[in-house]
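*Asks:* Got run_14.pdb for you, PDB, C-alpha atoms:
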MODEL        1
ATOM      1  CA  MET A  91     -93.731-174.354-132.533
ATOM      2  CA  ARG A  92     -95.275-175.806-129.399
ATOM      3  CA  LYS A  93     -96.968-179.169-129.424
ATOM      4  CA  VAL A  94    -100.740-178.976-129.465
ATOM      5  CA  SER A  95    -103.528-181.508-129.382
ATOM      6  CA  TYR A  96    -106.018-182.274-132.097
ATOM      7  CA  LEU A  97    -108.804-181.256-129.698
ATOM      8  CA  ALA A  98    -108.202-177.747-128.638
ATOM      9  CA  SER A  99    -105.959-176.941-131.524
ATOM     10  CA  LEU A 100    -105.424-179.902-133.732
ATOM     11  CA  ALA A 101    -101.957-179.080-134.960
ATOM     12  CA  VAL A 102    -101.166-175.490-134.489
ATOM     13  CA  ALA A 103     -98.639-173.170-132.918
ATOM     14  CA  ALA A 104    -100.308-172.632-129.563
ATOM     15  CA  CYS A 105    -102.796-174.508-127.456
ATOM     16  CA  VAL A 106    -104.858-171.781-125.840
ATOM     17  CA  LEU A 107    -108.458-172.021-124.744
ATOM     18  CA  PHE A 108    -110.232-168.742-124.134
ATOM     19  CA  ALA A 109    -112.773-168.597-121.317
ATOM     20  CA  SER A 110    -114.964-165.778-120.126
ATOM     21  CA  CYS A 111    -115.077-164.836-116.468
ATOM     22  CA  SER A 112    -117.901-163.626-114.285
ATOM     23  CA  ASN A 113    -117.994-161.833-110.980
ATOM     24  CA  GLU A 114    -121.234-163.558-110.080
ATOM     25  CA  SER A 115    -120.478-166.591-107.944
ATOM     26  CA  ASP A 116    -123.869-168.169-108.622
ATOM     27  CA  VAL A 117    -123.704-168.083-112.427
ATOM     28  CA  VAL A 118    -124.007-171.587-113.917
ATOM     29  CA  ASN A 119    -121.297-172.489-116.416
ATOM     30  CA  GLN A 120    -123.237-173.555-119.504
ATOM     31  CA  ASP A 121    -120.110-175.179-120.944
ATOM     32  CA  GLU A 122    -119.567-177.515-118.000
ATOM     33  CA  VAL A 123    -119.724-181.203-118.894
ATOM     34  CA  SER A 124    -122.000-183.127-116.551
ATOM     35  CA  GLU A 125    -120.730-185.788-114.189
ATOM     36  CA  SER A 126    -122.907-188.418-115.891
ATOM     37  CA  VAL A 127    -121.273-187.718-119.268
ATOM     38  CA  LEU A 128    -117.784-187.749-117.722
ATOM     39  CA  SER A 129    -118.585-191.068-116.038
ATOM     40  CA  ALA A 130    -119.835-192.609-119.291
ATOM     41  CA  LEU A 131    -116.740-191.467-121.181
ATOM     42  CA  THR A 132    -114.457-192.766-118.431
ATOM     43  CA  ASN A 133    -116.231-196.137-118.412
ATOM     44  CA  ALA A 134    -115.732-196.369-122.174
ATOM     45  CA  GLY A 135    -112.012-195.796-121.724
ATOM     46  CA  PHE A 136    -111.665-192.181-122.827
ATOM     47  CA  ASP A 137    -109.228-189.941-120.971
ATOM     48  CA  VAL A 138    -111.172-187.103-119.356
ATOM     49  CA  VAL A 139    -108.359-185.906-117.089
ATOM     50  CA  ASN A 140    -105.362-185.094-119.282
ATOM     51  CA  GLN A 141    -107.644-184.113-122.171
ATOM     52  CA  ALA A 142    -110.872-182.819-120.671
ATOM     53  CA  PRO A 143    -113.926-182.999-122.957
ATOM     54  CA  ILE A 144    -115.696-179.770-123.852
ATOM     55  CA  LYS A 145    -119.204-178.987-125.038
ATOM     56  CA  PHE A 146    -119.132-178.622-128.810
ATOM     57  CA  GLU A 147    -121.880-178.138-131.376
ATOM     58  CA  ASP A 148    -124.728-180.453-130.275
ATOM     59  CA  GLY A 149    -122.439-182.783-128.336
ATOM     60  CA  TYR A 150    -118.914-182.980-126.986
ATOM     61  CA  LEU A 151    -115.347-182.859-128.247
ATOM     62  CA  VAL A 152    -113.451-185.748-126.668
ATOM     63  CA  GLU A 153    -109.693-186.388-126.585
ATOM     64  CA  GLY A 154    -108.925-183.472-128.821
ATOM     65  CA  ASP A 155    -110.934-183.980-131.972
ATOM     66  CA  ILE A 156    -113.476-186.790-131.583
ATOM     67  CA  TYR A 157    -117.055-185.522-131.838
ATOM     68  CA  LEU A 158    -119.645-187.475-129.839
ATOM     69  CA  THR A 159    -123.315-186.651-129.311
ATOM     70  CA  ASP A 160    -125.354-187.673-126.265
ATOM     71  CA  ALA A 161    -126.769-190.528-128.358
ATOM     72  CA  ASP A 162    -123.250-191.690-129.265
ATOM     73  CA  ILE A 163    -122.211-191.635-125.624
ATOM     74  CA  ALA A 164    -125.323-193.529-124.537
ATOM     75  CA  ASN A 165    -124.397-196.320-126.977
ATOM     76  CA  LEU A 166    -120.731-196.628-125.982
ATOM     77  CA  LYS A 167    -119.585-200.021-124.795
ATOM     78  CA  GLU A 168    -117.309-200.542-121.827
ATOM     79  CA  GLY A 169    -113.762-199.773-122.848
ATOM     80  CA  LYS A 170    -110.574-201.754-122.367
ATOM     81  CA  ARG A 171    -106.910-200.878-121.923
ATOM     82  CA  LEU A 172    -104.837-202.465-124.661
ATOM     83  CA  PRO A 173    -101.126-203.249-124.976
ATOM     84  CA  ILE A 174     -98.616-200.973-126.615
ATOM     85  CA  GLU A 175     -98.592-201.205-130.389
ATOM     86  CA  GLU A 176     -98.312-198.745-133.275
ATOM     87  CA  GLN A 177    -101.314-198.219-135.549
ATOM     88  CA  TYR A 178    -104.924-198.718-134.466
ATOM     89  CA  SER A 179    -108.296-198.839-136.182
ATOM     90  CA  THR A 180    -111.882-198.734-134.965
ATOM     91  CA  ASP A 181    -114.215-201.742-135.124
ATOM     92  CA  ASN A 182    -116.230-200.110-137.904
ATOM     93  CA  LEU A 183    -114.470-199.515-141.207
ATOM     94  CA  VAL A 184    -115.575-198.183-144.594
ATOM     95  CA  SER A 185    -117.011-200.769-146.976
ATOM     96  CA  THR A 186    -115.199-200.517-150.307
ATOM     97  CA  ASN A 187    -116.537-203.322-152.519
ATOM     98  CA  GLY A 188    -113.100-203.257-154.086
ATOM     99  CA  ASN A 189    -113.192-199.625-155.221
ATOM    100  CA  ARG A 190    -114.999-196.773-153.504
ATOM    101  CA  VAL A 191    -114.760-193.050-154.202
ATOM    102  CA  ILE A 192    -115.480-190.962-151.104
ATOM    103  CA  THR A 193    -116.659-187.483-152.042
ATOM    104  CA  ILE A 194    -115.874-184.422-149.924
ATOM    105  CA  TYR A 195    -117.506-181.010-150.104
ATOM    106  CA  ALA A 196    -116.105-177.792-148.624
ATOM    107  CA  PRO A 197    -117.612-174.326-149.162
ATOM    108  CA  VAL A 198    -115.324-171.833-150.876
ATOM    109  CA  GLY A 199    -115.158-168.145-149.970
ATOM    110  CA  GLY A 200    -117.681-165.958-148.225
ATOM    111  CA  ARG A 201    -118.377-165.592-144.527
ATOM    112  CA  ASN A 202    -118.702-169.298-143.832
ATOM    113  CA  GLY A 203    -116.454-170.674-146.551
ATOM    114  CA  TYR A 204    -112.759-171.443-146.784
ATOM    115  CA  SER A 205    -109.907-169.461-148.281
ATOM    116  CA  SER A 206    -108.005-170.653-151.328
ATOM    117  CA  GLY A 207    -105.167-171.664-149.004
ATOM    118  CA  MET A 208    -107.443-173.908-146.951
ATOM    119  CA  ILE A 209    -108.897-175.482-150.094
ATOM    120  CA  ALA A 210    -105.378-176.088-151.381
ATOM    121  CA  GLY A 211    -104.654-177.922-148.137
ATOM    122  CA  LEU A 212    -107.752-180.083-148.591
ATOM    123  CA  ASP A 213    -106.779-180.874-152.177
ATOM    124  CA  LEU A 214    -103.274-181.877-151.072
ATOM    125  CA  ALA A 215    -104.690-184.126-148.341
ATOM    126  CA  ILE A 216    -106.909-185.805-150.939
ATOM    127  CA  ALA A 217    -103.943-186.207-153.310
ATOM    128  CA  ARG A 218    -101.886-187.879-150.589
ATOM    129  CA  TYR A 219    -104.518-190.534-149.980
ATOM    130  CA  ASN A 220    -105.103-191.097-153.694
ATOM    131  CA  ALA A 221    -101.389-191.552-154.339
ATOM    132  CA  GLU A 222    -101.472-194.692-152.165
ATOM    133  CA  ASN A 223    -103.644-196.554-154.730
ATOM    134  CA  LEU A 224    -106.026-197.879-152.079
ATOM    135  CA  GLU A 225    -109.468-199.445-152.497
ATOM    136  CA  ILE A 226    -110.797-196.070-151.373
ATOM    137  CA  SER A 227    -110.074-192.758-153.022
ATOM    138  CA  PHE A 228    -111.271-189.216-152.356
ATOM    139  CA  GLN A 229    -112.737-186.579-154.652
ATOM    140  CA  ARG A 230    -113.718-182.986-153.854
ATOM    141  CA  VAL A 231    -117.137-182.097-155.222
ATOM    142  CA  SER A 232    -118.955-178.798-155.737
ATOM    143  CA  SER A 233    -122.197-179.653-153.958
ATOM    144  CA  SER A 234    -122.919-180.866-150.450
ATOM    145  CA  ASN A 235    -126.030-182.740-151.600
ATOM    146  CA  SER A 236    -124.227-185.831-152.821
ATOM    147  CA  ALA A 237    -121.101-185.624-150.679
ATOM    148  CA  ASP A 238    -120.097-188.471-148.378
ATOM    149  CA  ILE A 239    -118.194-186.050-146.119
ATOM    150  CA  VAL A 240    -119.117-182.397-145.683
ATOM    151  CA  MET A 241    -116.375-180.147-144.319
ATOM    152  CA  THR A 242    -117.751-176.977-142.773
ATOM    153  CA  ARG A 243    -116.302-174.196-140.692
ATOM    154  CA  LEU A 244    -116.362-174.164-136.952
ATOM    155  CA  SER A 245    -118.359-171.420-135.306
ATOM    156  CA  LYS A 246    -116.485-168.176-134.665
ATOM    157  CA  ARG A 247    -116.738-168.941-130.954
ATOM    158  CA  ASP A 248    -114.993-172.289-131.353
ATOM    159  CA  GLU A 249    -112.338-170.796-133.616
ATOM    160  CA  ARG A 250    -111.656-168.099-131.017
ATOM    161  CA  ARG A 251    -111.316-170.590-128.173
ATOM    162  CA  GLY A 252    -108.740-172.605-130.076
ATOM    163  CA  VAL A 253    -110.682-175.541-131.486
ATOM    164  CA  LEU A 254    -109.223-176.403-134.875
ATOM    165  CA  GLY A 255    -111.032-179.502-136.031
ATOM    166  CA  SER A 256    -113.219-182.479-135.250
ATOM    167  CA  ALA A 257    -114.492-185.684-136.830
ATOM    168  CA  GLY A 258    -115.964-189.052-135.889
ATOM    169  CA  PHE A 259    -115.614-192.681-136.884
ATOM    170  CA  PRO A 260    -117.230-194.843-139.614
ATOM    171  CA  THR A 261    -120.814-195.995-139.206
ATOM    172  CA  SER A 262    -121.912-199.567-138.512
ATOM    173  CA  SER A 263    -123.265-199.685-142.080
ATOM    174  CA  GLY A 264    -119.792-199.156-143.543
ATOM    175  CA  ASP A 265    -119.946-195.471-144.462
ATOM    176  CA  PRO A 266    -117.296-192.910-143.549
ATOM    177  CA  TYR A 267    -118.164-190.406-140.850
ATOM    178  CA  GLY A 268    -120.065-187.718-142.705
ATOM    179  CA  GLN A 269    -118.814-184.480-141.231
ATOM    180  CA  ILE A 270    -115.553-182.698-140.590
ATOM    181  CA  LYS A 271    -115.673-179.430-138.667
ATOM    182  CA  MET A 272    -112.549-177.427-139.437
ATOM    183  CA  SER A 273    -111.260-174.041-138.400
ATOM    184  CA  GLY A 274    -110.988-171.570-141.255
ATOM    185  CA  ILE A 275    -108.070-169.640-139.751
ATOM    186  CA  LEU A 276    -105.243-172.168-139.913
ATOM    187  CA  GLU A 277    -103.585-170.075-142.602
ATOM    188  CA  SER A 278    -104.627-166.545-141.660
ATOM    189  CA  SER A 279    -104.208-166.672-137.871
ATOM    190  CA  TYR A 280    -101.762-169.543-137.321
ATOM    191  CA  GLY A 281     -99.621-169.085-140.403
ATOM    192  CA  LEU A 282     -99.669-172.719-141.453
ATOM    193  CA  SER A 283     -98.383-173.791-144.842
ATOM    194  CA  THR A 284    -100.466-175.696-147.374
ATOM    195  CA  ALA A 285     -98.681-178.890-146.297
ATOM    196  CA  GLY A 286     -99.369-178.192-142.623
ATOM    197  CA  ILE A 287    -103.067-177.616-143.359
ATOM    198  CA  ALA A 288    -103.139-180.802-145.437
ATOM    199  CA  THR A 289    -101.731-182.748-142.499
ATOM    200  CA  ILE A 290    -104.465-181.512-140.171
ATOM    201  CA  ILE A 291    -107.300-182.139-142.624
ATOM    202  CA  GLY A 292    -105.788-185.524-143.536
ATOM    203  CA  HIS A 293    -105.771-186.429-139.831
ATOM    204  CA  GLU A 294    -109.508-185.782-139.581
ATOM    205  CA  MET A 295    -110.095-187.722-142.793
ATOM    206  CA  GLY A 296    -108.191-190.559-141.132
ATOM    207  CA  HIS A 297    -110.678-190.615-138.260
ATOM    208  CA  CYS A 298    -113.567-190.629-140.747
ATOM    209  CA  ILE A 299    -112.270-193.880-142.277
ATOM    210  CA  GLY A 300    -111.487-195.563-138.973
ATOM    211  CA  PHE A 301    -108.055-194.580-137.693
ATOM    212  CA  ARG A 302    -107.387-193.972-134.007
ATOM    213  CA  HIS A 303    -104.394-191.941-132.828
ATOM    214  CA  THR A 304    -101.034-193.606-133.471
ATOM    215  CA  ASP A 305     -99.992-192.949-129.860
ATOM    216  CA  TYR A 306    -103.409-193.988-128.600
ATOM    217  CA  PHE A 307    -101.798-196.009-125.788
ATOM    218  CA  ASN A 308     -99.717-193.059-124.505
ATOM    219  CA  ARG A 309    -100.627-189.551-125.658
ATOM    220  CA  SER A 310     -97.577-188.108-123.899
ATOM    221  CA  ILE A 311     -95.449-189.383-126.803
ATOM    222  CA  SER A 312     -96.665-186.523-128.986
ATOM    223  CA  CYS A 313     -98.437-184.263-126.472
ATOM    224  CA  GLY A 314     -95.984-184.289-123.569
ATOM    225  CA  GLY A 315     -97.091-184.365-119.945
ATOM    226  CA  SER A 316     -97.963-187.512-118.045
ATOM    227  CA  ALA A 317     -98.608-190.859-119.715
ATOM    228  CA  SER A 318    -102.236-191.273-120.777
ATOM    229  CA  ASN A 319    -103.842-194.327-122.402
ATOM    230  CA  GLU A 320    -106.961-193.359-124.384
ATOM    231  CA  GLY A 321    -108.515-196.809-124.025
ATOM    232  CA  ASP A 322    -110.600-198.280-126.818
ATOM    233  CA  GLY A 323    -113.416-195.828-126.090
ATOM    234  CA  GLY A 324    -116.000-198.509-126.757
ATOM    235  CA  VAL A 325    -115.439-197.996-130.498
ATOM    236  CA  GLY A 326    -112.421-200.260-130.854
ATOM    237  CA  ALA A 327    -108.682-199.778-130.986
ATOM    238  CA  ASN A 328    -107.476-202.715-133.021
ATOM    239  CA  HIS A 329    -103.792-203.138-133.712
ATOM    240  CA  ILE A 330    -103.044-203.100-137.434
ATOM    241  CA  PRO A 331    -100.724-206.004-138.359
ATOM    242  CA  GLY A 332     -97.383-205.053-139.813
ATOM    243  CA  THR A 333     -97.020-201.876-137.791
ATOM    244  CA  PRO A 334     -94.333-201.879-135.090
ATOM    245  CA  THR A 335     -94.649-202.002-131.340
ATOM    246  CA  GLY A 336     -94.502-198.533-129.839
ATOM    247  CA  ALA A 337     -94.667-195.104-131.415
ATOM    248  CA  SER A 338     -92.398-192.091-131.540
ATOM    249  CA  ALA A 339     -92.864-188.407-132.151
ATOM    250  CA  SER A 340     -89.850-188.464-134.467
ATOM    251  CA  ALA A 341     -91.639-190.840-136.865
ATOM    252  CA  LYS A 342     -94.199-188.047-137.427
ATOM    253  CA  SER A 343     -97.218-190.198-138.162
ATOM    254  CA  TRP A 344    -100.096-188.178-139.554
ATOM    255  CA  MET A 345    -102.329-189.715-136.853
ATOM    256  CA  LEU A 346    -100.333-188.722-133.767
ATOM    257  CA  ALA A 347    -102.581-187.140-131.133
ATOM    258  CA  CYS A 348    -100.572-183.900-131.096
ATOM    259  CA  THR A 349     -98.424-182.133-133.649
ATOM    260  CA  ASP A 350     -96.554-178.867-134.131
ATOM    261  CA  GLY A 351     -98.428-177.692-137.199
ATOM    262  CA  GLY A 352     -95.742-178.882-139.590
ATOM    263  CA  ASP A 353     -95.890-181.160-142.616
ATOM    264  CA  ARG A 354     -96.518-184.850-141.925
ATOM    265  CA  PRO A 355     -96.930-186.889-145.098
ATOM    266  CA  PHE A 356     -97.546-190.604-144.620
ATOM    267  CA  ASN A 357     -94.511-192.410-143.236
ATOM    268  CA  ASN A 358     -93.777-196.054-144.082
ATOM    269  CA  ASP A 359     -95.790-197.401-141.136
ATOM    270  CA  ASP A 360     -98.717-195.137-142.032
ATOM    271  CA  LYS A 361     -98.625-196.540-145.548
ATOM    272  CA  THR A 362     -98.544-200.090-144.201
ATOM    273  CA  ALA A 363    -101.609-199.347-142.071
ATOM    274  CA  LEU A 364    -103.508-197.730-144.939
ATOM    275  CA  ASP A 365    -102.673-200.592-147.273
ATOM    276  CA  TYR A 366    -103.758-203.202-144.715
ATOM    277  CA  LEU A 367    -107.153-201.615-144.083
ATOM    278  CA  TYR A 368    -107.898-200.466-147.623
TER     279      TYR A 368
ENDMDL
END
Could you quickly redo this structure as structure tokens?

*Replies:*
Amino acid sequence: MRKVSYLASLAVAACVLFASCSNESDVVNQDEVSESVLSALTNAGFDVVNQAPIKFEDGYLVEGDIYLTDADIANLKEGKRLPIEEQYSTDNLVSTNGNRVITIYAPVGGRNGYSSGMIAGLDLAIARYNAENLEISFQRVSSSNSADIVMTRLSKRDERRGVLGSAGFPTSSGDPYGQIKMSGILESSYGLSTAGIATIIGHEMGHCIGFRHTDYFNRSISCGGSASNEGDGGVGANHIPGTPTGASASAKSWMLACTDGGDRPFNNDDKTALDYLY
């Protein structure tokens, strides 16, 4: 499988974005990201060259799978370039009070729900986190009303153009990011296994509780191409003590920026990072 980014295709076999064409030279591209938004993202430290942002939902998809609204972008602080380390977290983390259960809802079946294979992937992702005996645990619930995180399907348009998932970072009040948008065709169209689906969903769950990409300082480690430092994005990219300097694709961290769609359970450094934060 080819390497793909968690923006345009989180962890799947091909990274293809579909675009429509027009013969009219004066047609305005409604999906074009404005220069003011690009400037704000660049000032915050986000890479807008190697991983161009796209319009998504009511905001933008940045660096592969980070969802930011106009309000989020307006509140970004000036970013910084940081030295090479391994695991990174955002400034905001989830408040645990020693033991916190984070509930997740995902619709099952129907036009806008997920297949049994996708739900099995979610359940495996939850089981992987819970097996680490952290101060946070996850539980899938049957109603969105009380859920801390709601996982819903991407629009058909976004699924067709190769977007596979998105999430954000914890709130300043200590809650996990409340929404994961996930493609519903990881199994049917991309042929991913339950473990591969679990890896992708687990990656987005990682963002929701405050994890940045493991190769944040150089996306080319997992994505290929030229070296690209994501910067702290104004949301923080704090080195997690106990994790080594540098990163490698061979270590297969679940939070690498790009993956091949395969299985990536937590490696030893991932476990160290999870244990340190939670």

*Asks:* Once the PyMOL selection byres ((chain A and resi 272) around 8) has been applied to the shown file, what residues remain in the selection, as a PyMOL selection string?

*Replies:* chain A and resi 241-244+254-256+270-271+273-274+291

*Asks:* Of the candidates A:Gln177, A:Lys361, A:Val240, A:Asp155, which one gets nearest to A:Ser338 if we count only C-alpha atoms?

*Replies:*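 Ranking A:Gln177, A:Lys361, A:Val240, A:Asp155 by distance to A:Ser338, first place goes to A:Gln177.
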
*Asks:* Please return as a ChimeraX atom specification every residue within 9 Å of (-113.2, -201.9, -151.2), taking into account only C-alpha atoms and the file's own coordinates.

*Replies:* /A:184-190,224-226,368

*Asks:* Would you list the residues near (-120.7, -189.4, -150.4), meaning any protein, DNA or RNA residue with an atom at most 7 Å from that point in file coordinates, counting all atoms listed in the file, as JSON, numbers by chain?

*Replies:* {"A": [192, 193, 194, 236, 237, 238, 239]}

*Asks:* Could you list the residues chosen by the PyMOL selection byres ((chain A and resi 362) around 12) in this structure as a ChimeraX atom specification?

*Replies:* /A:176-178,222,224,330-334,343,356-361,363-368

*Asks:* I'd like the interatomic distance between atom CA of A:Gly324 and atom CA of A:Val253, to a tenth of an Å.

*Replies:*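 Taking atom CA of A:Gly324 and atom CA of A:Val253, their separation equals 24.0 Å.
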
*Asks:* Between atom CA of A:Leu183 and atom CA of A:Ala130, what is the distance in Å, rounded to a tenth?

*Replies:* 23.6 Å

*Asks:* Tell me which of A:Gly154, A:Gly326, A:Glu277, A:Arg251 sits closest to A:Lys167, counting all atoms listed in the file.

*Replies:*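 Closest to A:Lys167, using all atoms listed in the file: A:Gly326.
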
*Asks:* For this structure, which residues satisfy the selection - the PyMOL selection byres ((chain A and resi 311) around 9) - when it is evaluated on the file as given? I want them as a list in words.

*Replies:* Asp305, Asn308, Arg309, Ser310, Ser312, Cys313, Gly314, Gly315, Ala317, Ala337, Ser338, Ala339, Leu346, Ala347 and Cys348 of chain A

*Asks:* Once you have the residues from the selection above, write them out as an mmCIF file, in the coordinates of the input, restricted to C-alpha atoms.

*Replies:*
data_model
loop_
_atom_site.group_PDB
_atom_site.id
_atom_site.type_symbol
_atom_site.label_atom_id
_atom_site.label_comp_id
_atom_site.auth_asym_id
_atom_site.auth_seq_id
_atom_site.Cartn_x
_atom_site.Cartn_y
_atom_site.Cartn_z
ATOM 1 C CA ASP A 305 -99.992 -192.949 -129.860
ATOM 2 C CA ASN A 308 -99.717 -193.059 -124.505
ATOM 3 C CA ARG A 309 -100.627 -189.551 -125.658
ATOM 4 C CA SER A 310 -97.577 -188.108 -123.899
ATOM 5 C CA SER A 312 -96.665 -186.523 -128.986
ATOM 6 C CA CYS A 313 -98.437 -184.263 -126.472
ATOM 7 C CA GLY A 314 -95.984 -184.289 -123.569
ATOM 8 C CA GLY A 315 -97.091 -184.365 -119.945
ATOM 9 C CA ALA A 317 -98.608 -190.859 -119.715
ATOM 10 C CA ALA A 337 -94.667 -195.104 -131.415
ATOM 11 C CA SER A 338 -92.398 -192.091 -131.540
ATOM 12 C CA ALA A 339 -92.864 -188.407 -132.151
ATOM 13 C CA LEU A 346 -100.333 -188.722 -133.767
ATOM 14 C CA ALA A 347 -102.581 -187.140 -131.133
ATOM 15 C CA CYS A 348 -100.572 -183.900 -131.096
#

*Asks:* Show which residues sit within 9 Å of stretch 212-219 of chain A, as a PyMOL selection string. Count all atoms listed in the file, and ignore same-chain residues fewer than 6 positions away.

*Replies:* chain A and resi 196+226-230+284-285+287-293+295+355-356+364

*Asks:* Can you tell me how far atom CA of A:Tyr280 sits from atom CA of A:Ala257, in Å to one decimal?

*Replies:*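 Interatomic distance, atom CA of A:Tyr280 to atom CA of A:Ala257: 20.6 Å.
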
*Asks:* Between A:Ala134, A:Leu128, A:Arg302, A:Lys145, single out the one closest to A:Tyr157, counting only C-alpha atoms.

*Replies:*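 For A:Tyr157, the nearest of the given residues is A:Lys145.
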
*Asks:* Pick from A:Glu249, A:Gly258, A:Glu294, A:Gly264: nearest to A:Ser279, with only C-alpha atoms counted?

*Replies:*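 That would be A:Glu249, the residue with the smallest distance to A:Ser279.
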
*Asks:* As JSON, please report the centre and edge lengths, rounded to one decimal in Å, of the axis-aligned box that holds all listed atoms of stretch 245-251 of chain A with 6 Å of padding on each of the six sides.

*Replies:*
{"center_x": -114.8, "center_y": -170.2, "center_z": -131.7, "size_x": 19.0, "size_y": 16.2, "size_z": 19.1}

*Asks:* Can you complete the atoms of stretch 348-362 of chain A to N, CA and C atoms and list them as a JSON list (two decimals), keeping the file's coordinate frame?

*Replies:*
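Result file follows (out_31.json):
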[["chain", "number", "residue", "atom", "x", "y", "z"],
["A", 348, "CYS", "N", -100.97, -185.30, -131.10],
["A", 348, "CYS", "CA", -100.57, -183.90, -131.10],
["A", 348, "CYS", "C", -99.48, -183.67, -132.14],
["A", 349, "THR", "N", -99.43, -182.47, -132.65],
["A", 349, "THR", "CA", -98.42, -182.13, -133.65],
["A", 349, "THR", "C", -98.03, -180.68, -133.49],
["A", 350, "ASP", "N", -97.05, -180.24, -134.25],
["A", 350, "ASP", "CA", -96.55, -178.87, -134.13],
["A", 350, "ASP", "C", -97.02, -177.98, -135.28],
["A", 351, "GLY", "N", -97.93, -178.48, -136.08],
["A", 351, "GLY", "CA", -98.43, -177.69, -137.20],
["A", 351, "GLY", "C", -97.62, -177.84, -138.46],
["A", 352, "GLY", "N", -96.58, -178.70, -138.42],
["A", 352, "GLY", "CA", -95.74, -178.88, -139.59],
["A", 352, "GLY", "C", -96.29, -179.93, -140.55],
["A", 353, "ASP", "N", -95.50, -180.22, -141.57],
["A", 353, "ASP", "CA", -95.89, -181.16, -142.62],
["A", 353, "ASP", "C", -95.65, -182.59, -142.15],
["A", 354, "ARG", "N", -96.66, -183.45, -142.27],
["A", 354, "ARG", "CA", -96.52, -184.85, -141.93],
["A", 354, "ARG", "C", -97.14, -185.72, -143.01],
["A", 355, "PRO", "N", -96.44, -185.94, -144.10],
["A", 355, "PRO", "CA", -96.93, -186.89, -145.10],
["A", 355, "PRO", "C", -96.87, -188.29, -144.51],
["A", 356, "PHE", "N", -97.52, -189.25, -145.15],
["A", 356, "PHE", "CA", -97.55, -190.60, -144.62],
["A", 356, "PHE", "C", -96.13, -191.17, -144.52],
["A", 357, "ASN", "N", -95.79, -191.71, -143.34],
["A", 357, "ASN", "CA", -94.51, -192.41, -143.24],
["A", 357, "ASN", "C", -94.72, -193.87, -143.64],
["A", 358, "ASN", "N", -93.67, -194.67, -143.60],
["A", 358, "ASN", "CA", -93.78, -196.05, -144.08],
["A", 358, "ASN", "C", -94.79, -196.87, -143.28],
["A", 359, "ASP", "N", -94.83, -196.66, -141.96],
["A", 359, "ASP", "CA", -95.79, -197.40, -141.14],
["A", 359, "ASP", "C", -97.21, -196.94, -141.40],
["A", 360, "ASP", "N", -97.39, -195.65, -141.65],
["A", 360, "ASP", "CA", -98.72, -195.14, -142.03],
["A", 360, "ASP", "C", -99.19, -195.81, -143.32],
["A", 361, "LYS", "N", -98.28, -195.92, -144.28],
["A", 361, "LYS", "CA", -98.62, -196.54, -145.55],
["A", 361, "LYS", "C", -98.97, -198.02, -145.38],
["A", 362, "THR", "N", -98.23, -198.70, -144.49],
["A", 362, "THR", "CA", -98.54, -200.09, -144.20],
["A", 362, "THR", "C", -99.95, -200.22, -143.63]]
